[in-house]
Amino acid sequence: MDIIEELEKRDYIEQLTHDKELREELNKGPIRFYVGIDPTADSLHIGHFISLMIASYLQKAGHQPIILIGGGTATIGDPSGKTDMRKMLSREELDKNAAALKKQIERFVTFEGDNGAIIVNNADWLLDLNYIDFMREIGSKFSVNKMLAAECYKARLETGLTFFEMGYMLLQSYDFLYLHDKYGCKLEIGGNDQWSNIIGGVELIRKIGADDSYGLTFKLLTTAEGKKMGKTEKGALWLNPERTSPYEFYQYWRNIGDSEVRKVLSMLTFIPMDEVEKLSSYKDERINETKKLLAYEITKLIHGEEEAKKAEEASNALFGNGGDISNMPSTKIEDENISILDALVLTNMASSKSQAKTLISQGGISLNDNKIEDVQYKLSSKDFEKGYAILKKGKKVFHKLEK
RNA sequence: GGGUAGGUGGUCGAGUGGUUAAUGGCACCAGACUGUAAAUCUGGCGACGAGAGUCUACGUUGGUUCGAAUCCAACCCUGCCCA
């Protein structure tokens, strides 16, 4: 089975260019491929997860990943899909973010060995481009008619699209050309929302004379209703433990819908496919067990075995019977006589006191397993008999208060 | 540059002088039911306040009025058509 078949089997692939040639190329021997990541934050989020999984599979098959940090293109913002223009980031912020991202990337691809990953930053070549030269050499190869027909611009055509943003495609295509010339990079991979940008690069290289450029896109992680997965009430599901704690991360996957189980096992874990098929075919209580395994595996992949165990234990302690509760999210408080409202705001369980009151009056808050009914309740030493107090919001959100 | 339609809460979208903190959908939160699932039903969803209540909000800035998201003026921004 070749690598493309393997990826197909795991349901990753959405589209690819030059089907036959690409397979041959990949089978012929190691090639270099690239995946782009925009350093708009100091952490990857779940959307990048799949790119890195695929990069990992390709690397294991002997190919060499080039991770492109979009330091130059991040200042523009990809108009595909979204409506907002991204804010500009300073060079220092971008460098800082890029360094933080590298650490996370290391969990998926290795930087060691003959086919160790290479990290490049497109700010290094994009920022010095000369506009006139660029327009003559690159701009002349793009048809506006064709670009406007592309699916990714259609939505923007109705609400407005600036030339500035349209240039994104040219720059991303130029990245591929640059990597092709400098590193012999032959393949660009990305989410399916990148399809237009990717074929832009593939065609640019072919127009200039080469015939060994390819593109591959993978499916985006969506729920059965077609919504993007990995969104939490606090925003994205981050891979950085300071932004999304391993416990929250674990809980997110523990709580996914039955219909998502197969997809998530297949795309976000390395569990063999026949095992995946078996695990996801279960019904009712057994599939609930599968979710435990799934949450553990994914958390392990991102945060390591130790953190995954801690998250699992914290969950068992709270939802099951007993167990070690030392790993649940906790906050140290100065004054044990804090009001319940302040405690809820302090722990971020409520965004405002008003919201905290609503939660209490609807019966959504309990302290040490006793439902709180009085909005004015003040904690006292008897709530800290064990040395801590456990606040619970709804059925699933726990937080430990420590003195 | 000319004409024209617009800019409303997380989002979409009503409202066109006074019970309008602003209908409704979506998103989100909680309750019931369950398997830490889905679906369904119920409640909530600007901030502050224990509460009565107070404050801040309908592109920006001024104005008219007892009273403005709603009327007027200027400005900024966006779509569409023409050039």
# chains A, B, ... in the order shown; residues from 1 in each chain; ligands from 1
>>> residues_around(residues="U36 of chain B", least_positions_apart="5", cutoff="10 Å", atoms="only C-alpha atoms (C1' of nucleotides)", output="list of chain:residue names")
A:Gln251, A:Tyr252, A:Arg254, A:Asn255, A:Ile256, A:Asn288, A:Lys291, A:Lys292, A:Ser315, A:Leu318, A:Phe319, A:Gly320, A:Lys395, A:Lys396, A:Val397
>>> write_last_selection(atoms="N, CA and C atoms", output="PDB file, in the first residue's frame")
ATOM      1  N   GLN A 251     -11.433  16.783  27.943  1.00  0.00           N
ATOM      2  CA  GLN A 251     -12.889  16.838  28.050  1.00  0.00           C
ATOM      3  C   GLN A 251     -13.558  17.126  26.710  1.00  0.00           C
ATOM      4  N   TYR A 252     -12.902  17.969  25.907  1.00  0.00           N
ATOM      5  CA  TYR A 252     -13.494  18.274  24.609  1.00  0.00           C
ATOM      6  C   TYR A 252     -13.707  16.986  23.811  1.00  0.00           C
ATOM      7  N   ARG A 254     -13.645  13.913  24.993  1.00  0.00           N
ATOM      8  CA  ARG A 254     -14.482  12.983  25.747  1.00  0.00           C
ATOM      9  C   ARG A 254     -15.960  13.226  25.433  1.00  0.00           C
ATOM     10  N   ASN A 255     -16.270  14.467  25.077  1.00  0.00           N
ATOM     11  CA  ASN A 255     -17.668  14.855  24.888  1.00  0.00           C
ATOM     12  C   ASN A 255     -18.139  14.914  23.445  1.00  0.00           C
ATOM     13  N   ILE A 256     -17.359  14.443  22.493  1.00  0.00           N
ATOM     14  CA  ILE A 256     -17.810  14.565  21.114  1.00  0.00           C
ATOM     15  C   ILE A 256     -18.985  13.626  20.829  1.00  0.00           C
ATOM     16  N   ASN A 288     -19.353   4.908  24.357  1.00  0.00           N
ATOM     17  CA  ASN A 288     -18.950   5.843  25.401  1.00  0.00           C
ATOM     18  C   ASN A 288     -17.565   5.463  25.922  1.00  0.00           C
ATOM     19  N   LYS A 291     -14.925   6.599  23.580  1.00  0.00           N
ATOM     20  CA  LYS A 291     -14.595   8.018  23.709  1.00  0.00           C
ATOM     21  C   LYS A 291     -13.532   8.271  24.762  1.00  0.00           C
ATOM     22  N   LYS A 292     -13.518   7.434  25.794  1.00  0.00           N
ATOM     23  CA  LYS A 292     -12.476   7.576  26.808  1.00  0.00           C
ATOM     24  C   LYS A 292     -11.111   7.315  26.198  1.00  0.00           C
ATOM     25  N   SER A 315     -10.762  13.372  35.341  1.00  0.00           N
ATOM     26  CA  SER A 315     -12.104  13.085  34.846  1.00  0.00           C
ATOM     27  C   SER A 315     -12.755  11.956  35.633  1.00  0.00           C
ATOM     28  N   LEU A 318     -13.920  13.079  38.989  1.00  0.00           N
ATOM     29  CA  LEU A 318     -15.089  13.933  39.018  1.00  0.00           C
ATOM     30  C   LEU A 318     -16.348  13.236  38.543  1.00  0.00           C
ATOM     31  N   PHE A 319     -16.217  12.443  37.528  1.00  0.00           N
ATOM     32  CA  PHE A 319     -17.418  11.844  36.943  1.00  0.00           C
ATOM     33  C   PHE A 319     -17.652  10.446  37.458  1.00  0.00           C
ATOM     34  N   GLY A 320     -16.586   9.800  37.847  1.00  0.00           N
ATOM     35  CA  GLY A 320     -16.747   8.436  38.307  1.00  0.00           C
ATOM     36  C   GLY A 320     -16.728   8.416  39.815  1.00  0.00           C
ATOM     37  N   LYS A 395     -23.035  20.200  34.434  1.00  0.00           N
ATOM     38  CA  LYS A 395     -22.702  18.830  34.745  1.00  0.00           C
ATOM     39  C   LYS A 395     -21.232  18.531  34.558  1.00  0.00           C
ATOM     40  N   LYS A 396     -20.595  19.368  33.794  1.00  0.00           N
ATOM     41  CA  LYS A 396     -19.258  18.975  33.364  1.00  0.00           C
ATOM     42  C   LYS A 396     -18.129  19.912  33.708  1.00  0.00           C
ATOM     43  N   VAL A 397     -18.433  21.072  34.213  1.00  0.00           N
ATOM     44  CA  VAL A 397     -17.341  22.008  34.446  1.00  0.00           C
ATOM     45  C   VAL A 397     -17.012  22.063  35.938  1.00  0.00           C
TER      46      VAL A 397
END
>>> interface_residues(of="chain B", to="chain A", cutoff="6 Å", atoms="only C-alpha atoms (C1' of nucleotides)", output="count of residues only")
3
>>> select_by_dssp(residues="segment 17-53 of chain A", states="helix (DSSP H, G or I)", output="list of chain:residue names")
A:Asp19, A:Lys20, A:Glu21, A:Leu22, A:Arg23, A:Glu24, A:Glu25, A:Leu26, A:Asn27, A:Lys28, A:Ile46, A:Gly47, A:His48, A:Phe49, A:Ile50, A:Ser51, A:Leu52, A:Met53
>>> residues_around(residues="Gln104 of chain A", least_positions_apart="4", cutoff="10 Å", atoms="only C-alpha atoms (C1' of nucleotides)", output="VMD selection string")
chain A and resid 43 to 44 52 99 to 100 108 to 109 239 to 240 302 to 303
>>> write_last_selection(atoms="N, CA and C atoms", output="compact mmCIF listing (two decimals), in the first residue's frame")
# COMPACT_ATOMS: atom_id res chain seq x y z
N SER A 43 0.35 29.84 19.48
CA SER A 43 0.04 28.42 19.64
C SER A 43 -0.69 27.91 18.41
N LEU A 44 -0.49 26.65 18.14
CA LEU A 44 -1.27 26.02 17.09
C LEU A 44 -2.64 25.71 17.67
N LEU A 52 -0.42 18.50 10.48
CA LEU A 52 0.77 17.90 11.07
C LEU A 52 0.69 16.38 11.12
N ALA A 99 8.78 30.73 17.15
CA ALA A 99 9.57 29.90 18.06
C ALA A 99 8.66 29.01 18.90
N ALA A 100 7.55 29.58 19.35
CA ALA A 100 6.60 28.81 20.16
C ALA A 100 5.99 27.68 19.33
N PHE A 108 4.95 16.22 16.34
CA PHE A 108 4.44 15.47 15.19
C PHE A 108 5.53 15.06 14.21
N VAL A 109 6.42 15.98 13.93
CA VAL A 109 7.46 15.65 12.97
C VAL A 109 8.81 15.83 13.64
N LEU A 239 -3.49 24.04 21.28
CA LEU A 239 -2.59 22.95 21.65
C LEU A 239 -1.67 23.36 22.79
N ASN A 240 -1.58 24.66 23.01
CA ASN A 240 -0.75 25.16 24.09
C ASN A 240 -1.48 24.98 25.43
N ILE A 302 -0.80 15.20 22.01
CA ILE A 302 -0.49 16.62 22.11
C ILE A 302 0.29 16.96 23.38
N HIS A 303 -0.15 16.41 24.49
CA HIS A 303 0.44 16.85 25.76
C HIS A 303 1.34 15.80 26.40
>>> atom_distance(atom1="atom CA of Ser51 of chain A", atom2="atom CA of Gln194 of chain A")
11.6 Å
>>> residues_around(residues="G15 of chain B", least_positions_apart="4", cutoff="9 Å", atoms="only C-alpha atoms (C1' of nucleotides)", output="list in words")
U20, A22, U23, A69 and U70 of chain B
>>> select_by_dssp(residues="segment 182-306 of chain A", states="strand (DSSP E)", output="PyMOL selection string")
chain A and resi 185-191+214-218+231-232+235-236
>>> residues_around(residues="G25 of chain B", least_positions_apart="3", cutoff="12 Å", atoms="only C-alpha atoms (C1' of nucleotides)", output="MDAnalysis selection string")
chainID B and resid 11:14
>>> atom_distance(atom1="atom CA of Asn368 of chain A", atom2="atom CA of Ala311 of chain A")
20.0 Å
>>> residues_around(residues="segment 132-144 of chain A", least_positions_apart="6", cutoff="9 Å", atoms="only C-alpha atoms (C1' of nucleotides)", output="short mmCIF file (atom, residue, chain, number, x, y, z; two decimals) with N, CA and C atoms, in the first residue's frame")
data_model
loop_
_atom_site.label_atom_id
_atom_site.label_comp_id
_atom_site.auth_asym_id
_atom_site.auth_seq_id
_atom_site.Cartn_x
_atom_site.Cartn_y
_atom_site.Cartn_z
N LEU A 170 -1.24 35.04 -4.92
CA LEU A 170 0.03 35.16 -5.64
C LEU A 170 1.21 34.90 -4.72
N LEU A 171 1.11 35.44 -3.51
CA LEU A 171 2.23 35.27 -2.59
C LEU A 171 2.38 33.81 -2.17
N SER A 173 1.45 31.27 -3.85
CA SER A 173 1.93 30.54 -5.02
C SER A 173 3.43 30.77 -5.18
N TYR A 174 3.83 32.01 -4.91
CA TYR A 174 5.24 32.34 -5.02
C TYR A 174 6.06 31.57 -3.99
N GLY A 200 -2.88 27.31 -7.39
CA GLY A 200 -2.20 28.51 -7.89
C GLY A 200 -0.70 28.28 -7.96
N GLU A 203 0.29 25.45 -10.54
CA GLU A 203 0.23 25.90 -11.93
C GLU A 203 1.32 26.92 -12.25
N LEU A 204 1.60 27.76 -11.27
CA LEU A 204 2.66 28.75 -11.48
C LEU A 204 3.97 28.06 -11.83
N LYS A 207 3.84 26.59 -15.26
CA LYS A 207 3.90 27.60 -16.32
C LYS A 207 5.34 28.06 -16.55
N ILE A 208 6.10 28.06 -15.47
CA ILE A 208 7.46 28.54 -15.58
C ILE A 208 8.38 27.48 -16.16
#
>>> closest_residue(among="A:Met169, A:Glu313, A:Ser266, A:Leu279", to="Tyr12 of chain A", atoms="only C-alpha atoms")
A:Ser266
>>> residues_around(residues="G62 of chain B", least_positions_apart="5", cutoff="12 Å", atoms="only C-alpha atoms (C1' of nucleotides)", output="ChimeraX atom specification")
/B:72-75
>>> atom_distance(atom1="atom CA of Lys96 of chain A", atom2="atom CA of Gly190 of chain A")
23.4 Å
